[in-house]
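*Asks:* Structure below; questions to follow.
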Amino acid sequence: MNEKFERLIERAEQLIGRIESILPQPLAAPADWHASIAWRYRRRSSGHGTLEPVRHLAPMPLDALKEIDVQKEKIERNTRQFVEGKPANNVLLTGARGTGKSSLIRACLHAYAPEGLRLIEVDKAELTDLPDIVEVVSQRPEKFIIFSDDLSFDEGEPGYKALKSILDGSVAAATPNVLIYATSNRRHLLPEYMKDNLSYTHTEDGEVHPGEVIEEKISLSERFGLWVSFYPFSQNEYLAIVAQWLSSFGADAATIEAARPEALVWALERGSRSGRVAYQFARDYAGRH
């Protein structure tokens with residue numbers, strides 16, 4: 001009888017072990033926080049969330065970013081305050097595509113990594129796990145930027161409310177070593193429709209009051225303390241960025257000057273004079289010459 005009971009216990013333990021292996025597990029801290037200065041949060045098909053080190057992080061010095069000096073000064077100042085333990089804001093970078101929003105955040109990471117700055121990239125679909133990520137890093141001595149690139153939401157997406165709660169609105173106090181940096185092409189992060197304007201009300205004295213639909217769409221972006229806007233580049237600004245990238249690839253002044261007509265044609269064909277287009281042209285031109 002005892003032998004049968006022991007076998008039953010053994011089989012039960014094996015079964016429990018198999019069940020536990022497929023159940024979502026609490027997010028665990030990485031074994032080695034020194035493996036990288038940047039991390040990527042991933043949720044596996046099993047539901048397990050992990051923080052993976054980014055092994056190959058492209059270098060991006062602040063000096064390499066041209067024609068966005070005003071935006072650079074704001075982001076760098078806020079990041080420096082954060083690293084030094086002073087009050088700093090969550091940041092929303094919005095505006096034209098390819099103008100350096102993500103590159104500026106990477107450049108700040110490289111600049112302040114020696115002082116303890118770290119970055120965790122979180123995809124929009126996994127923002128519901130933000131509380132778990134914040135809990136894991138809350139006791140670390142480093143400063144963490146939680147970065148979400150190209151952020152925008154459709155109606156009813158779960159990550160929207162999770163992000164609102166983390167930014168400002170949860171009963172839990174803000175964690176002093178975590179900030180949220182997000183980039184988006186939408187200033188209010190949600191699609192806006194003409195019918196939303198029908199919810200505006202007008203008083204007799206002419207004062208305009210936004211309706212609940214508008215208030216809801218504005219409420220998320222308002223929780224970012226610092227808004228930084230990026231604008232399309234002029235032709236001269238575009239050519240200055242082309243010259244910067246060609247110089248970084250070893251081109252001399254004569255080569256850069258000779259490349260200007262081709263750079264303009266390249267931008268015309270792409271329908272954009274962005275920093276990304278300038279970089280792509282410089283890579284192509286440097287490779288051909």
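Order determines the names: the first chain of the structure tokens is A, the second B, and so forth; residues in each chain are numbered 1 upward, and ligands are numbered 1 upward as they are shown.
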May I have the residues within 9 Å of Tyr112 of chain A as an NGL selection string, using only C-alpha atoms and disregarding those fewer than 5 positions away in the same chain?

*Replies:* :A and (79-80 or 83 or 107 or 117-118)

*Asks:* Quick one: pick out all alpha helix (DSSP H) residues within segment 67-142 of chain A from a backbone DSSP run and write them as a ChimeraX atom specification.

*Replies:* /A:69-83,101-112,130-137

*Asks:* Using only C-alpha atoms, what table do you get, as a Markdown table, when you list each residue of segment 4-114 of chain A with an atom no more than 12 Å from segment 272-277 of chain A, its nearest pair of atoms, and their distance in Å rounded to one decimal, rows by chain then rising number?

*Replies:*
| residue | atom | partner | partner_atom | distance |
| --- | --- | --- | --- | --- |
| A:Ala64 | CA | A:Gly275 | CA | 11.0 |
| A:Leu65 | CA | A:Gly275 | CA | 8.8 |
| A:Lys66 | CA | A:Gly275 | CA | 8.7 |
| A:Glu67 | CA | A:Gly275 | CA | 9.2 |
| A:Ile68 | CA | A:Gly275 | CA | 10.1 |
| A:Gly95 | CA | A:Ser274 | CA | 11.4 |
| A:Ala96 | CA | A:Ser274 | CA | 8.1 |
| A:Arg97 | CA | A:Ser274 | CA | 7.1 |
| A:Gly98 | CA | A:Arg276 | CA | 4.7 |
| A:Thr99 | CA | A:Gly275 | CA | 5.1 |
| A:Gly100 | CA | A:Gly275 | CA | 6.5 |
| A:Lys101 | CA | A:Gly275 | CA | 10.0 |
| A:Ser102 | CA | A:Arg276 | CA | 10.8 |
| A:Ser103 | CA | A:Arg276 | CA | 9.8 |
| A:Leu104 | CA | A:Gly275 | CA | 11.6 |

*Asks:* What does the structure give for the distance between atom CA of Phe249 of chain A and atom CA of Gly287 of chain A, in Å to one decimal?

*Replies:*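 Result for atom CA of Phe249 of chain A versus atom CA of Gly287 of chain A: 9.1 Å, one decimal.
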
*Asks:* To one decimal in Å, tell me the separation between atom CA of Leu226 of chain A and atom CA of Tyr181 of chain A.

*Replies:*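 Between these atoms lies a distance of 9.6 Å.
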
*Asks:* Calculated over only C-alpha atoms, which of the candidates A:Glu13, A:Glu142, A:Glu76, A:Asp132 has the smallest distance to Thr50 of chain A?

*Replies:*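 Nearest to Thr50 of chain A: A:Asp132.
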
*Asks:* So which one's closest to Cys108 of chain A, A:Arg77, A:Arg40, A:Arg260, A:Arg55? Using only C-alpha atoms, please.

*Replies:*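 Under the stated criterion, the closest residue is A:Arg77.
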
*Asks:* Determine, counting only C-alpha atoms, which protein, DNA and RNA residues have an atom within 7 Å of an atom of segment 241-247 of chain A; residues of the same chain fewer than 2 positions away are not included. Present the result as a PyMOL selection string.

*Replies:* chain A and resi 66+237-239+249-252+256+275+278-279+282+286

*Asks:* Restricting the calculation to only C-alpha atoms, which member of A:Trp227, A:Phe82, A:Phe281, A:Phe233 is positioned closest to Val265 of chain A?

*Replies:* A:Phe281

*Asks:* One number please: atom CA of Val178 of chain A to atom CA of Thr128 of chain A, in Å, one decimal.

*Replies:*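 Calculated distance between atom CA of Val178 of chain A and atom CA of Thr128 of chain A is 16.3 Å.
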
*Asks:* Give the answer as one residue: which of A:Pro53, A:Pro131, A:Gly271, A:Pro61 has the shortest atom-to-atom distance to Ala38 of chain A, using only C-alpha atoms?

*Replies:*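 That would be A:Pro53, the residue with the smallest distance to Ala38 of chain A.
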
*Asks:* I'd like to know which residues of segment 51-169 of chain A are strand (DSSP E) (by DSSP, run on the backbone); could you write them as a list in words?

*Replies:*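 The strand (DSSP E) residues within segment 51-169 of chain A come out as Leu51, Glu52, Pro53, Val91, Leu92, Leu93, Thr94, Gly95, Leu117, Arg118, Leu119, Ile120, Glu121, Lys143, Phe144, Ile145, Ile146, Phe147 and Ser148 of chain A.
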